[in-house]
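Have a look at the structure below, then the notes.
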Amino acid sequence: MQLPEATNFIEQIINEELEAGKFESVGNNIKVRFPPEPNGYLHIGHIKAMCINFGVKERYHGTLNLRMDDTNPAKEDYEYVDSIVEAVKWLGFEYDKLVFASDYYDRLYEIAEKYILDGNAYVCDLSAEEITATRGTLTEPGTPSPYRGRSIEENLKLFREMKAGKYPDGARTLRAKIDMSSPNVNMRDPVIYRIAHVSHYRTKDKWCIYPMYDFAHPVSDAIEGITHSLCSLEFENHRPLYNWFVEKAGFKAPLPRQIEFARLNITNTLMSKRYLKKLVDEGFVRGWDDPRMPTIMGLKNRGVPPEALKKFCADVGVAKAYSVVSSAQLDSCIRDDLNENAERAMAVLNPIKLTVTNYSGEEEVDFETNPVKGVGARKIKFTGSVYIDGDDFSLDPPPKYKRLQKGGTVRLKSAYIVRCDEVKLGKDGKVEELLCTYFPETRSGSSEHSDIKAKGVIQWVDAKYGHDAEIRRYEPLLKDEEYPDQDYAERLNAASEKILFGKAEPRLWECDENTPFQLIRTGYYKKFTEDGKLVLSEIVSLKDNFNK
RNA sequence: UGGGGCGUCGCCAAGCGGUAAGGCAACGGACUCUGACUCCGUCAUUCGGGUGUUCGAAUCACUUCGCCCCAGCCA
């Protein structure tokens with residue numbers, strides 16, 4: 001077969017296996033899976049895993065199962081599976097099948113009995129504390145459980161009684177019989193099944209014993225015929241166990257192969273479901289889809305295009321080295337996408353009235369809605385009485401100021417160049433109104449020659465025809481004074497370091513009034529209705545560089 | 001100090017024995033009816049350190065240093 005060129009080390013491995021003919025017996029059909037546990041919402045870190053898995057599926061024309069890894073009934077719920085499916089679809093990923101680990105409970109149970117029958121598993125009566133105590137340490141071997149030598153018959157009887165609900169939670173476990181003195185702690189007779197009289201969101205009360213990840217995951221992969229089980233680095237130590245479970249279950253080749261990669265970290269971004277859940281549960285944010293959240297739905301609500309997120313993952317690449325990607329890299333991808341695709345609109349955040357004293361009447365001007373693609377324009381009414389943004393006028397302009405100042409000129413985008421003749425101040429000393437002169441020959445698009453030069457170009461909203469838009473502002477979760485250092489950049493770095501090592505209060509994406517302009521320098525903001533529903537997002541102008 | 005991994009520009013990351021891709025950031029300059037965008041230019045004699053092997057090493061060997069992960073009846 002014609003192999004696609006590998007773009008990362010995982011595809012390189014797959015190519016080598018393909019060339020060696022490893023998958024000829026299954027028609028070279030590469031199968032992967034994306035296996036989130038439905039115990040929280042997907043976040044930006046999951047997008048990397050999805051890009052890798054869906055990327056393999058596409059490159060090899062393989063198949064991908066979206067699998068809910070739901071083997072812990074205490075934490076899982078339909079709310080989360082719905083949100084996961086929604087997020088995957090929003091990103092535009094197409095999976096072949098939606099499956100559930102809980103669909104395999106019967107099969108998993110049979111395999112567990114097979115382990116017992118083959119002498120590879122035993123029922124252990126040790127308590128959780130005793131198991132921990134006898135597991136040994138990183139440098140000392142563990143000691144075998146006194147129940148390790150039980151007969152197959154007794155194990156089978158006990159295991160069936162566990163399943164039948166004869167014992168309370170924690171009374172017994174089913175353990176794999178591997179090697180209590182293995183230098184790899186994970187191989188020291190890990191628990192396969194635990195007793196938990198908990199109702200599962202799907203199987204309800206059918207089961208009171210539930211399989212553990214280390215057992216359920218590889219076997220689920222094998223059941224589905226997964227060829228490559230791609231996961232993050234922390235599972236490297238589990239790989240021998242993964243292989244053990246698959247092999248002892250008696251599956252035929254090609255057996256699934258686990259390959260690990262480094263998970264995504266982004267500066268100043270919290271990527272732990274546990275903390276994210278805490279923020280939601282304790283009301284720090286409005287929900288999992290709050291725009292301050294790094295969840296996929298949060299990103300969506302901020303107006304981040306899915307394509308930008310995929311581009312980001314492609315740029316970041318896949319490797320095994322631990323890394324923290326700068327959020328600037330993400331911002332860049334979002335900016336690029338929005339610059340290319342977003343419709344433009346004008347808006348002012350802090351209105352200052354600007355009156356053109358030598359103009360009366362009204363006319364329409366053409367406003368380009370997408371200068372990059374060169375398509376789309378709409379008519380905007382101009383009456384000479386407009387609002388400009390407070391940031392676009394200065395009483396005390398710094399050198400090289402390119403916006404409006406007293407006596408200065410500026411172009412009202414798509415309309416005319418105006419000169420500020422007079423500044424009316426209110427009693428509090430704040431600018432109340434600007435009186436300006438406009439120059440008819442400078443009309444936008446006019447072929448008429450004009451010697452009048454504008455210092456810059458600013459946005460405006462017509463006083464008569466502009467409309468109000470409510471902007472919901474989000475406060476950063478951490479107050480400025482809560483940062484230890486003085487310099488802003490240093491504070492950010494300090495905060496990110498703390499987040500990475502889990503030693504500080506989480507700092508999320510800032511979403512105060514300035515943030516949209518930092519995130520997307522082309523500029524955008526959004527309008528929310530009272531109940532918090534997003535109704536529009538608009539592109540405004542760049543703000544964050546204005547005063548550099 | 002048991003085992004498993006990882007160390008290439010400020011941040012990611014190619015490279016797989018033949019003489020250091022690319023992206024982000026940064027810095028010059030041009031252009032501009034968004035100080036954006038675009039454009040053009042600069043940005044690792046060096047690949048954690050050392051020692052070998054070789055005509056030749058980031059790539060092989062040895063050694064050393066640093067960082068991450070593992071002792072849940074979580075995933």
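We name chains A, B, ... following the order of the structure tokens; residues begin at 1 in each chain, and ligands are numbered from 1 as shown.
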
Kindly provide, as a PyMOL selection string, the residues of chain B having any atom no farther than 12 Å from an atom of chain A, counting only C-alpha atoms (C1' of nucleotides). chain B and resi 1-8+10-16+22-25+32-38+67-75

Dump as a tab-separated table the rows for residues of range 49-121 of chain A within 8 Å of range 283-307 of chain A: closest atom pair and distance in Å with one decimal, only C-alpha atoms counted, ordered by chain and rising residue number.
```
residue	atom	partner	partner_atom	distance
A:Ala87	CA	A:Ile296	CA	6.2
A:Trp90	CA	A:Pro306	CA	7.3
A:Leu91	CA	A:Pro306	CA	5.1
A:Gly92	CA	A:Pro306	CA	7.6
```

Among range 106-278 of chain A, which residues carry a DSSP assignment of helix (DSSP H, G or I), reported as a VMD selection string? chain A and resid 106 to 117 128 to 134 152 to 164 185 to 187 213 to 224 233 to 248 273 to 278

In range 42-118 of chain A, DSSP strand (DSSP E or B) residues written as JSON, numbers by chain: {"A": [43, 63, 64, 65, 66, 67, 68, 97, 98, 99, 100]}

Can I get the selection written as a compact mmCIF listing (two decimals), in the first residue's frame, with N, CA and C atoms?
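Result file again-v3.txt:
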```txt
# COMPACT_ATOMS: atom_id res chain seq x y z
N HIS A 43 -11.45 19.56 27.58
CA HIS A 43 -10.79 20.86 27.53
C HIS A 43 -9.75 20.88 26.41
N THR A 63 -10.21 3.62 11.06
CA THR A 63 -11.46 3.88 11.77
C THR A 63 -11.15 4.35 13.19
N LEU A 64 -12.10 5.08 13.75
CA LEU A 64 -11.90 5.60 15.09
C LEU A 64 -13.18 5.44 15.90
N ASN A 65 -13.03 4.87 17.07
CA ASN A 65 -14.16 4.77 17.99
C ASN A 65 -14.06 5.85 19.05
N LEU A 66 -15.16 6.52 19.26
CA LEU A 66 -15.23 7.44 20.39
C LEU A 66 -15.74 6.57 21.53
N ARG A 67 -14.86 6.33 22.50
CA ARG A 67 -15.24 5.40 23.57
C ARG A 67 -15.31 6.10 24.92
N MET A 68 -16.43 5.95 25.57
CA MET A 68 -16.58 6.47 26.92
C MET A 68 -15.94 5.45 27.85
N LYS A 97 -17.75 5.04 15.40
CA LYS A 97 -18.74 4.49 16.33
C LYS A 97 -18.60 5.14 17.70
N LEU A 98 -19.73 5.30 18.36
CA LEU A 98 -19.71 5.74 19.75
C LEU A 98 -19.89 4.48 20.58
N VAL A 99 -18.90 4.16 21.40
CA VAL A 99 -19.00 2.95 22.21
C VAL A 99 -18.76 3.27 23.68
N PHE A 100 -19.10 2.33 24.52
CA PHE A 100 -18.95 2.53 25.96
C PHE A 100 -18.21 1.34 26.55
```

As a check of understanding: the span from CA of Pro4 in chain A to CA of Ala253 in chain A is 23.6 Å

Skip Thr357 in chain A itself and residues of its chain fewer than 4 positions away, then list as a list in words all residues within 7 Å of it, counting only C-alpha atoms (C1' of nucleotides).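 Final neighbour list, sorted by chain and number: Leu435, Cys436 and Thr437 of chain A.
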
12 Å contact set for range 56-59 of chain B, only C-alpha atoms (C1' of nucleotides), chain neighbours under 2 positions out, as a ChimeraX atom specification: /B:7-8,14-20,44,46-48,52-54,61

Any idea what the distance is between CA of Glu433 in chain A and CA of Phe367 in chain A?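 If I compute the distance from CA of Glu433 in chain A to CA of Phe367 in chain A, I get 24.7 Å.
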
Non-local contacts of C40 in chain B (12 Å; only C-alpha atoms (C1' of nucleotides); under 2 positions in same chain excluded) as number ranges by chain: B: 28-31, 38, 42

Between CA of Val85 in chain A and CA of Asn28 in chain A, what is the spacing in Å? 27.9 Å
